[in-house]
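Student: So I've got this file, structure-v1.csv, and it contains CSV, C-alpha atoms:
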chain,number,residue,atom,x,y,z
A,1,MET,CA,27.1,-18.1,2.3
A,2,ALA,CA,25.1,-15.6,4.1
A,3,GLY,CA,22.2,-16.8,6.2
A,4,LYS,CA,18.6,-16.0,5.5
A,5,ILE,CA,15.8,-15.6,8.1
A,6,ILE,CA,12.1,-15.6,7.2
A,7,ALA,CA,10.0,-14.0,10.0
A,8,ASP,CA,6.7,-12.2,10.5
A,9,THR,CA,7.6,-10.5,13.7
A,10,LEU,CA,10.7,-9.1,15.5
A,11,GLU,CA,10.6,-8.9,19.2
A,12,HIS,CA,13.0,-7.0,21.5
A,13,SER,CA,13.4,-8.2,25.0
A,14,THR,CA,12.2,-4.9,26.5
A,15,ALA,CA,11.4,-2.5,23.7
A,16,GLY,CA,8.4,-4.3,22.2
A,17,SER,CA,7.9,-6.0,18.9
A,18,ILE,CA,7.2,-5.0,15.3
A,19,ALA,CA,5.7,-7.0,12.4
A,20,THR,CA,8.3,-7.2,9.7
A,21,ASN,CA,6.0,-5.7,7.2
A,22,TYR,CA,6.4,-2.4,9.0
A,23,VAL,CA,10.1,-2.8,8.6
A,24,VAL,CA,9.7,-3.5,4.9
A,25,ASP,CA,6.9,-1.1,4.1
A,26,GLY,CA,8.2,1.6,6.5
A,27,SER,CA,11.7,1.8,5.1
A,28,ALA,CA,12.5,4.5,2.6
A,29,LYS,CA,13.1,2.9,-0.9
A,30,SER,CA,15.0,5.8,-2.2
A,31,TRP,CA,16.5,9.1,-0.9
A,32,VAL,CA,18.9,11.6,-2.3
A,33,ASN,CA,20.6,14.8,-1.2
A,34,PHE,CA,21.8,16.7,-4.2
A,35,ASN,CA,23.1,20.1,-5.5
A,36,GLY,CA,20.7,21.4,-8.1
A,37,THR,CA,23.0,24.3,-9.2
A,38,GLY,CA,25.6,24.2,-12.0
A,39,THR,CA,26.4,20.6,-12.9
A,40,ILE,CA,24.0,18.9,-10.6
A,41,ALA,CA,25.5,16.3,-8.3
A,42,SER,CA,24.4,13.9,-5.6
A,43,ARG,CA,26.0,14.2,-2.2
A,44,ASP,CA,24.6,10.9,-1.0
A,45,SER,CA,21.8,8.6,-2.0
A,46,LEU,CA,20.0,5.3,-1.8
A,47,ASN,CA,18.6,3.5,-4.9
A,48,VAL,CA,19.2,6.5,-7.3
A,49,SER,CA,20.8,5.7,-10.6
A,50,GLY,CA,20.9,9.2,-12.0
A,51,LEU,CA,19.8,12.8,-11.8
A,52,VAL,CA,18.9,14.8,-14.9
A,53,ASP,CA,18.9,18.6,-15.1
A,54,ASN,CA,16.0,19.3,-17.5
A,55,ALA,CA,15.9,23.1,-17.0
A,56,VAL,CA,16.1,25.7,-14.3
A,57,GLY,CA,14.6,24.2,-11.1
A,58,ASP,CA,13.5,21.1,-13.1
A,59,TYR,CA,15.1,17.7,-12.3
A,60,THR,CA,14.4,14.1,-13.0
A,61,CYS,CA,15.5,11.4,-10.5
A,62,THR,CA,15.8,7.8,-11.8
A,63,TYR,CA,15.8,4.7,-9.6
A,64,THR,CA,18.3,1.8,-9.7
A,65,SER,CA,15.6,-0.7,-8.6
A,66,SER,CA,12.2,0.2,-10.0
A,67,MET,CA,9.2,0.9,-7.8
A,68,GLY,CA,6.5,-1.8,-7.9
A,69,ASN,CA,3.8,0.7,-9.1
A,70,SER,CA,3.4,4.5,-9.6
A,71,ASP,CA,1.5,5.1,-6.4
A,72,TYR,CA,4.5,5.6,-4.2
A,73,VAL,CA,4.9,8.6,-2.0
A,74,ASN,CA,7.5,11.4,-2.5
A,75,SER,CA,8.6,13.7,0.3
A,76,SER,CA,10.8,16.6,-0.5
A,77,VAL,CA,12.2,19.8,1.0
A,78,ALA,CA,14.9,22.3,0.0
A,79,MET,CA,17.3,24.2,2.2
A,80,CYS,CA,16.4,27.8,2.5
A,81,GLU,CA,19.2,29.7,0.8
A,82,ASP,CA,17.3,32.2,-1.2
A,83,ALA,CA,19.1,35.5,-0.8
A,84,ASN,CA,16.3,37.3,-2.6
A,85,ALA,CA,13.8,36.2,0.1
A,86,ARG,CA,11.2,35.8,-2.6
A,87,GLY,CA,8.6,34.2,-0.3
A,88,PRO,CA,7.5,30.6,0.2
A,89,PHE,CA,9.2,28.0,-2.0
A,90,ALA,CA,8.6,24.4,-2.6
A,91,LEU,CA,10.2,21.3,-4.0
A,92,GLY,CA,7.7,18.9,-5.3
A,93,VAL,CA,6.6,16.5,-8.1
A,94,ARG,CA,6.3,18.5,-11.3
A,95,ILE,CA,2.8,18.6,-12.7
A,96,ASP,CA,1.3,19.8,-15.9
A,97,GLY,CA,-1.5,22.3,-16.3
A,98,THR,CA,-4.2,19.8,-15.3
A,99,GLY,CA,-2.4,18.7,-12.1
A,100,VAL,CA,-1.2,15.5,-13.5
A,101,PRO,CA,2.5,14.6,-12.7
A,102,THR,CA,4.7,15.1,-15.7
A,103,THR,CA,6.8,12.0,-14.8
A,104,HIS,CA,5.9,9.7,-11.9
A,105,THR,CA,6.6,6.2,-13.1
A,106,THR,CA,8.1,3.1,-11.6
A,107,THR,CA,11.5,4.1,-12.9
A,108,ALA,CA,11.7,7.9,-12.5
A,109,THR,CA,10.1,11.0,-10.9
A,110,ARG,CA,10.4,14.6,-12.2
A,111,TYR,CA,10.6,17.4,-9.6
A,112,GLU,CA,10.3,21.1,-9.7
A,113,TYR,CA,11.7,23.8,-7.3
A,114,LEU,CA,9.4,26.8,-7.2
A,115,TYR,CA,9.8,30.1,-5.4
A,116,GLY,CA,6.9,32.2,-4.2
A,117,ALA,CA,5.5,35.4,-5.7
A,118,SER,CA,6.4,38.7,-4.2
A,119,ALA,CA,6.1,42.4,-5.1
A,120,SER,CA,9.3,42.1,-7.1
A,121,SER,CA,8.8,38.7,-8.6
A,122,ASP,CA,6.0,36.6,-9.9
A,123,GLY,CA,7.3,33.3,-8.9
A,124,GLY,CA,8.8,30.6,-11.0
A,125,THR,CA,11.5,27.9,-11.1
A,126,GLN,CA,14.9,28.3,-9.6
A,127,ASP,CA,17.9,26.1,-9.0
A,128,ALA,CA,18.8,25.3,-5.4
A,129,PRO,CA,22.0,24.0,-3.9
A,130,HIS,CA,20.5,21.7,-1.3
A,131,LEU,CA,17.6,19.5,-2.3
A,132,TYR,CA,16.3,16.5,-0.4
A,133,ILE,CA,14.0,13.8,-1.7
A,134,ILE,CA,12.7,10.7,0.1
A,135,VAL,CA,10.5,7.9,-1.5
A,136,HIS,CA,8.4,5.4,0.3
A,137,GLY,CA,6.4,2.6,-1.3
A,138,ASP,CA,7.0,-0.9,-2.7
A,139,LEU,CA,9.9,-1.9,-5.0
A,140,ALA,CA,9.1,-4.2,-7.9
B,1,MET,CA,3.4,-17.2,11.7
B,2,SER,CA,7.0,-17.0,12.6
B,3,GLU,CA,8.5,-14.7,15.3
B,4,ILE,CA,12.1,-13.8,16.1
B,5,LYS,CA,13.0,-12.6,19.6
B,6,VAL,CA,16.2,-10.7,19.4
B,7,ASP,CA,17.6,-7.4,20.8
B,8,THR,CA,20.1,-6.7,18.1
B,9,LEU,CA,20.3,-7.5,14.4
B,10,THR,CA,23.9,-7.5,13.0
B,11,GLY,CA,25.1,-8.4,9.6
B,12,LYS,CA,27.2,-11.5,9.4
B,13,THR,CA,29.8,-10.1,6.9
B,14,THR,CA,29.4,-6.4,7.6
B,15,ALA,CA,27.8,-5.3,10.8
B,16,ASN,CA,25.5,-2.7,9.3
B,17,ASP,CA,24.7,-4.6,6.1
B,18,ILE,CA,21.5,-6.7,6.3
B,19,THR,CA,19.6,-7.3,3.1
B,20,VAL,CA,15.8,-7.2,3.2
B,21,THR,CA,13.4,-8.4,0.5
B,22,VAL,CA,11.2,-5.4,-0.1
B,23,GLY,CA,9.5,-6.3,-3.4
B,24,ALA,CA,8.5,-9.4,-5.2
B,25,THR,CA,12.1,-10.0,-5.8
B,26,ALA,CA,13.9,-6.7,-5.1
B,27,THR,CA,16.2,-6.5,-2.1
B,28,MET,CA,17.8,-3.5,-0.4
B,29,SER,CA,19.9,-2.6,2.6
B,30,LEU,CA,17.9,-2.6,5.9
B,31,GLU,CA,20.2,0.0,7.4
B,32,GLN,CA,20.0,2.4,4.4
B,33,GLY,CA,16.3,2.6,4.3
B,34,LEU,CA,15.7,3.3,8.0
B,35,ALA,CA,15.3,6.8,9.3
B,36,LYS,CA,18.2,7.5,11.7
B,37,ALA,CA,16.5,10.3,13.6
B,38,TRP,CA,13.1,11.9,13.6
B,39,THR,CA,11.7,14.6,15.9
B,40,SER,CA,8.4,16.2,16.4
B,41,ILE,CA,8.7,19.6,18.2
B,42,ASN,CA,6.4,22.2,19.6
B,43,GLN,CA,8.4,25.3,18.9
B,44,SER,CA,6.2,27.5,21.1
B,45,THR,CA,7.3,25.8,24.3
B,46,PRO,CA,9.7,24.6,22.9
B,47,ALA,CA,9.5,20.9,23.7
B,48,ILE,CA,10.0,17.5,22.0
B,49,ILE,CA,6.7,15.8,21.3
B,50,GLN,CA,8.1,12.5,20.1
B,51,SER,CA,11.5,11.6,18.8
B,52,LEU,CA,14.0,9.0,17.8
B,53,ASN,CA,17.8,9.5,18.4
B,54,THR,CA,17.3,13.0,19.5
B,55,ALA,CA,19.1,14.0,22.7
B,56,SER,CA,17.8,17.5,22.9
B,57,ILE,CA,16.6,20.6,21.0
B,58,THR,CA,18.0,24.1,20.8
B,59,ASP,CA,15.8,27.1,20.2
B,60,SER,CA,18.1,29.1,17.8
B,61,GLY,CA,15.7,31.9,17.0
B,62,VAL,CA,12.1,32.6,16.0
B,63,GLY,CA,11.1,29.7,13.9
B,64,VAL,CA,14.5,28.1,14.0
B,65,ILE,CA,15.0,24.8,15.9
B,66,ASP,CA,17.9,22.4,16.2
B,67,PRO,CA,17.3,18.7,17.0
B,68,ASN,CA,20.6,17.5,18.5
B,69,PHE,CA,21.3,13.9,17.8
B,70,THR,CA,22.1,11.3,20.4
B,71,ASN,CA,24.2,9.3,18.0
B,72,ASN,CA,25.8,11.5,15.3
B,73,MET,CA,25.6,11.1,11.5
B,74,ASN,CA,28.8,9.9,10.0
B,75,ALA,CA,29.2,12.8,7.6
B,76,VAL,CA,27.3,15.7,6.1
B,77,GLY,CA,25.4,15.0,2.9
B,78,TRP,CA,22.6,12.9,4.6
B,79,CYS,CA,19.0,13.4,3.5
B,80,SER,CA,16.3,15.1,5.6
B,81,ILE,CA,12.7,16.0,5.3
B,82,ALA,CA,10.7,18.6,7.2
B,83,SER,CA,7.0,19.5,7.5
B,84,LEU,CA,5.0,21.4,10.0
B,85,ARG,CA,1.6,22.3,11.4
B,86,ASN,CA,0.8,25.9,12.2
B,87,THR,CA,-2.4,27.9,13.0
B,88,GLY,CA,-3.5,30.9,11.2
B,89,ASN,CA,-0.6,31.4,8.7
B,90,TYR,CA,0.5,30.1,5.4
B,91,VAL,CA,3.8,28.4,6.4
B,92,HIS,CA,6.4,26.2,5.0
B,93,ALA,CA,9.3,24.3,6.5
B,94,THR,CA,12.9,24.3,5.4
B,95,ILE,CA,16.3,22.9,6.4
B,96,LEU,CA,18.8,25.6,7.2
B,97,THR,CA,22.0,23.6,7.9
B,98,ASP,CA,23.0,20.0,8.4
B,99,THR,CA,26.0,18.9,10.4
B,100,THR,CA,26.9,15.5,11.8
B,101,SER,CA,25.4,16.4,15.2
B,102,LYS,CA,22.3,18.3,14.4
B,103,CYS,CA,19.8,19.3,11.7
B,104,ARG,CA,18.7,22.9,11.8
B,105,ALA,CA,15.1,23.4,10.6
B,106,GLN,CA,13.0,26.5,10.2
B,107,SER,CA,9.3,27.3,10.1
B,108,LEU,CA,8.6,30.2,7.7
B,109,ILE,CA,5.7,32.4,6.8
B,110,ASN,CA,5.2,34.6,3.8
B,111,ALA,CA,8.3,36.6,2.7
B,112,ASN,CA,10.5,34.1,4.5
B,113,THR,CA,9.9,35.4,8.0
B,114,GLY,CA,10.5,32.9,10.8
B,115,GLU,CA,7.6,31.9,13.0
B,116,ASP,CA,7.4,29.3,15.7
B,117,SER,CA,5.0,26.5,14.9
B,118,VAL,CA,3.0,24.2,17.2
B,119,ASP,CA,4.4,21.1,15.5
B,120,ILE,CA,7.4,20.9,13.2
B,121,GLY,CA,8.6,17.4,12.2
B,122,VAL,CA,12.1,16.5,10.9
B,123,ALA,CA,13.3,13.1,9.7
B,124,ASN,CA,16.8,12.2,8.7
B,125,TYR,CA,18.2,9.5,6.5
B,126,GLY,CA,21.8,8.4,5.9
B,127,ASP,CA,24.6,6.6,7.9
B,128,LEU,CA,25.3,7.0,11.6
B,129,ALA,CA,28.9,7.4,12.7
Would you mind writing the file's structure down as structure tokens?

Tutor:
Amino acid sequence: MAGKIIADTLEHSTAGSIATNYVVDGSAKSWVNFNGTGTIASRDSLNVSGLVDNAVGDYTCTYTSSMGNSDYVNSSVAMCEDANARGPFALGVRIDGTGVPTTHTTTATRYEYLYGASASSDGGTQDAPHLYIIVHGDLA
Amino acid sequence: MSEIKVDTLTGKTTANDITVTVGATATMSLEQGLAKAWTSINQSTPAIIQSLNTASITDSGVGVIDPNFTNNMNAVGWCSIASLRNTGNYVHATILTDTTSKCRAQSLINANTGEDSVDIGVANYGDLA
């Protein structure tokens, strides 16, 4: 049987101490590195049960263990591999026309990868091969 | 209030597997949820502002910086995040390459042109070697 320790503080002999709520609250509750081109696939992940390819540059990530509420924080970035150099791009939570997230629930988040506008392109969604997402918050 | 004074936490069954209660009932791996490296860098100098598990940085071009890990990641495929602060330009951060020993990040302005930023931050999640 594995042991269990209940504690409020962890103290190192020389490197200081930390309240355990910082360990719990500060730990990422989910992260994923995935290929968003072709048949999308995770390279490595934590607490991710599935990835859905909704459309070009449009993905939904579902969680194995649900978040405790829908106020969690999503951080995301994409590797720069745009041979067309079409300006600034962003991977973020997909929103509708009023700025409300399309899907940001306790069980899933929908993301969108957008490239910037340029003289030769007006911007839009695009698939990308290296997409990174990290989630912080409380699990249920 | 309870307090544990300890220098090292090691899993009993598996060294890097310690379960933490992170919700009302939900549990997860302590090791998997922790950032394994993070680095805040002034690219203009360039210099490390603050860091964890970062041995050094390499200036690999305008806007391009490599935080080199002290303890390497176990394999490529780990997850990273980057953001930055810059003055006077619309900028965004990206990851260029990830290897087990470093994470190459870049600060970009319009039309994907590299530019050094006063503070670019990179955090890395995954398993150490």

Student: Near chain A, meaning an atom within 7 Å, which residues of chain B appear when counting all atoms listed in the file? Write them as number ranges by chain.

Tutor: B: 1-7, 22-26, 32-34, 77-82, 92, 94-96, 110-112

Student: For C-alpha atoms, I'd like the residues from the last selection saved as a tab-separated table (two decimals), in the frame of the given file.

Tutor:
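This went into result-v8.tsv:
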chain	number	residue	atom	x	y	z
B	1	MET	CA	3.40	-17.20	11.70
B	2	SER	CA	7.00	-17.00	12.60
B	3	GLU	CA	8.50	-14.70	15.30
B	4	ILE	CA	12.10	-13.80	16.10
B	5	LYS	CA	13.00	-12.60	19.60
B	6	VAL	CA	16.20	-10.70	19.40
B	7	ASP	CA	17.60	-7.40	20.80
B	22	VAL	CA	11.20	-5.40	-0.10
B	23	GLY	CA	9.50	-6.30	-3.40
B	24	ALA	CA	8.50	-9.40	-5.20
B	25	THR	CA	12.10	-10.00	-5.80
B	26	ALA	CA	13.90	-6.70	-5.10
B	32	GLN	CA	20.00	2.40	4.40
B	33	GLY	CA	16.30	2.60	4.30
B	34	LEU	CA	15.70	3.30	8.00
B	77	GLY	CA	25.40	15.00	2.90
B	78	TRP	CA	22.60	12.90	4.60
B	79	CYS	CA	19.00	13.40	3.50
B	80	SER	CA	16.30	15.10	5.60
B	81	ILE	CA	12.70	16.00	5.30
B	82	ALA	CA	10.70	18.60	7.20
B	92	HIS	CA	6.40	26.20	5.00
B	94	THR	CA	12.90	24.30	5.40
B	95	ILE	CA	16.30	22.90	6.40
B	96	LEU	CA	18.80	25.60	7.20
B	110	ASN	CA	5.20	34.60	3.80
B	111	ALA	CA	8.30	36.60	2.70
B	112	ASN	CA	10.50	34.10	4.50

Student: To one decimal place, how far is atom CA of Val93 of chain A from atom CA of Val64 of chain B in Å?

Tutor: 26.2 Å

Student: Quick one: residues within 7 Å of Leu30 of chain B, all atoms listed in the file counted, chain neighbours fewer than 6 positions away excluded, as an MDAnalysis selection string?

Tutor: chainID B and resid 18:20

Student: Determine, counting only C-alpha atoms, which protein, DNA and RNA residues have an atom within 6 Å of an atom of Ala108 of chain A; residues of the same chain fewer than 4 positions away are not included. Present the result as a list in words.

Tutor: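 Once the nearby chain positions are removed, what remains is Cys61, Thr62 and Tyr63 of chain A.
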
Student: So that I can see what lies close to Pro101 of chain A, please list as a PyMOL selection string the residues with an atom at most 12 Å from it, counting only C-alpha atoms and leaving out residues fewer than 3 positions away in the same chain.

Tutor: chain A and resi 60+70-71+74+92-98+104-105+108-112

Student: Which of these residues is nearest to Gly124 of chain A, using all atoms listed in the file: A:Thr37, A:Gly99, A:Thr64, A:Val56?

Tutor: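 Nearest candidate to Gly124 of chain A out of A:Thr37, A:Gly99, A:Thr64, A:Val56: A:Val56.
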
Student: With distances taken over only C-alpha atoms, which of B:Thr39, B:Thr13, B:Ser29, B:Val76 is nearest to Ser101 of chain B?

Tutor: B:Val76

Student: Excluding Asp127 of chain A and any residue of its chain fewer than 6 positions from it, enumerate the residues within 10 Å of it, using only C-alpha atoms, and give them as a VMD selection string.

Tutor: chain A and resid 35 to 38 40 53 55 to 59 82 112 to 115
